[in-house]
Amino acid sequence: MTELTELTAVRLLDGYRKGEWSPVEATRAALERAEAIQPEVNAFVRLTAQDALERARESEERWRRGEPRGLLDGVPVTVKDILLQRGAPTLRGSKAVDPAAGHWDEDAPSVARLREHGAVFLGKTTTPEYGWKGVTDSPLSGVTRNPWDASRTAGGSSGGSAAAVALGAGPLSLGTDGGGSVRIPASFCGIFALKPTYGRVPLYPASAFGTLAHVGPMTRDAADAALLMDVIGHPDSRDWSALAAPAGPYTDGLAGGVRGLRVAYSPSLG
């Protein structure tokens, strides 16, 4: 039997299309995995199982009718608790944020795009307080541990997202990166992450770190990252610095492989 928690988003969607499994099955499997890893790894601030299963059932019905919504319909996803998500408080790893005041009635641009494309939100992932350092611990949620060795760190500041993706609690996650905050935990946890060009993924409200902070995909592989960028990498009127829409799908850019491409190298001046 296929272990649904081990599949990429691309493979899950292919299975939905062929009727091999359903969004409800994939969501239940991801939630069970999230609950299983939480006591030791501590990747989540909160899980929203009831809402996730409701969205998965709606997705399953759309797939049954042959009318999927967008590019990610029924794919389980997680969101770092720095980004706004409608219906849930955004506490940013801090006890200084009042949970009542932390509720916003809108999504961050990248979260809104996920919602529009039918993604299933499993929950919010851990972050150090205000996402300011390269390990993931906070006075609010405690220590997030490495998925392969609980005596070590998952990295940061998007450590919860990296651990969740690595251990099968959803194949896609949104992280944020100023000084390495998707790249460090990706390297520590053995997943793929990308810090896109500033403005490629719109951000609202503006980060306290200014133009240093970018929203980035955290995934199992490059194909999933390209798919996620095709969803979140479009302008939003709330971000004055958002770039124009990309010239074409990122997924198309992977089709030709790497033959003929060049790598830029800058030698150290030290």
# chains A, B, ... in the order shown; residues from 1 in each chain; ligands from 1
$ residues_around --residues "A:His234" --least-positions-apart "4" --cutoff "8 Å" --atoms "only C-alpha atoms" --output "list in words"
Arg200, Val201, Pro202, Asp230, Ala242, Leu243, Ala244, Ala245 and Pro246 of chain A
$ residues_around --residues "A:Glu54" --least-positions-apart "3" --cutoff "12 Å" --atoms "only C-alpha atoms" --output "MDAnalysis selection string"
chainID A and resid 23:24 27:28 48:51 57:61 74 118:122
$ closest_atom_pairs --of "stretch 35-91 of chain A" --to "stretch 4-13 of chain A" --cutoff "12 Å" --atoms "only C-alpha atoms" --output "CSV"
residue,atom,partner,partner_atom,distance
A:Ser59,CA,A:Leu13,CA,11.4
A:Glu60,CA,A:Leu13,CA,11.5
A:Trp63,CA,A:Leu13,CA,10.1
A:Pro68,CA,A:Leu13,CA,10.0
A:Arg69,CA,A:Leu13,CA,11.7
A:Gly70,CA,A:Leu13,CA,11.2
A:Leu71,CA,A:Leu13,CA,8.6
A:Leu72,CA,A:Leu13,CA,7.4
A:Asp73,CA,A:Leu13,CA,7.8
A:Gly74,CA,A:Leu13,CA,7.9
A:Val75,CA,A:Ala9,CA,6.3
A:Pro76,CA,A:Ala9,CA,8.3
A:Val77,CA,A:Ala9,CA,9.3
$ residues_around --residues "A:Pro39" --least-positions-apart "3" --cutoff "12 Å" --atoms "only C-alpha atoms" --output "list in words"
Arg33, Ala34, Glu35, Ala36, Asn42, Ala43, Phe44, Val45, Ser141, Gly142, Val143, Thr144, Arg145, Pro147 and Ala150 of chain A
$ residues_around --residues "A:Asp252" --least-positions-apart "5" --cutoff "12 Å" --atoms "only C-alpha atoms" --output "JSON, numbers by chain"
{"A": [223, 226, 227, 229, 230, 246, 247, 257]}
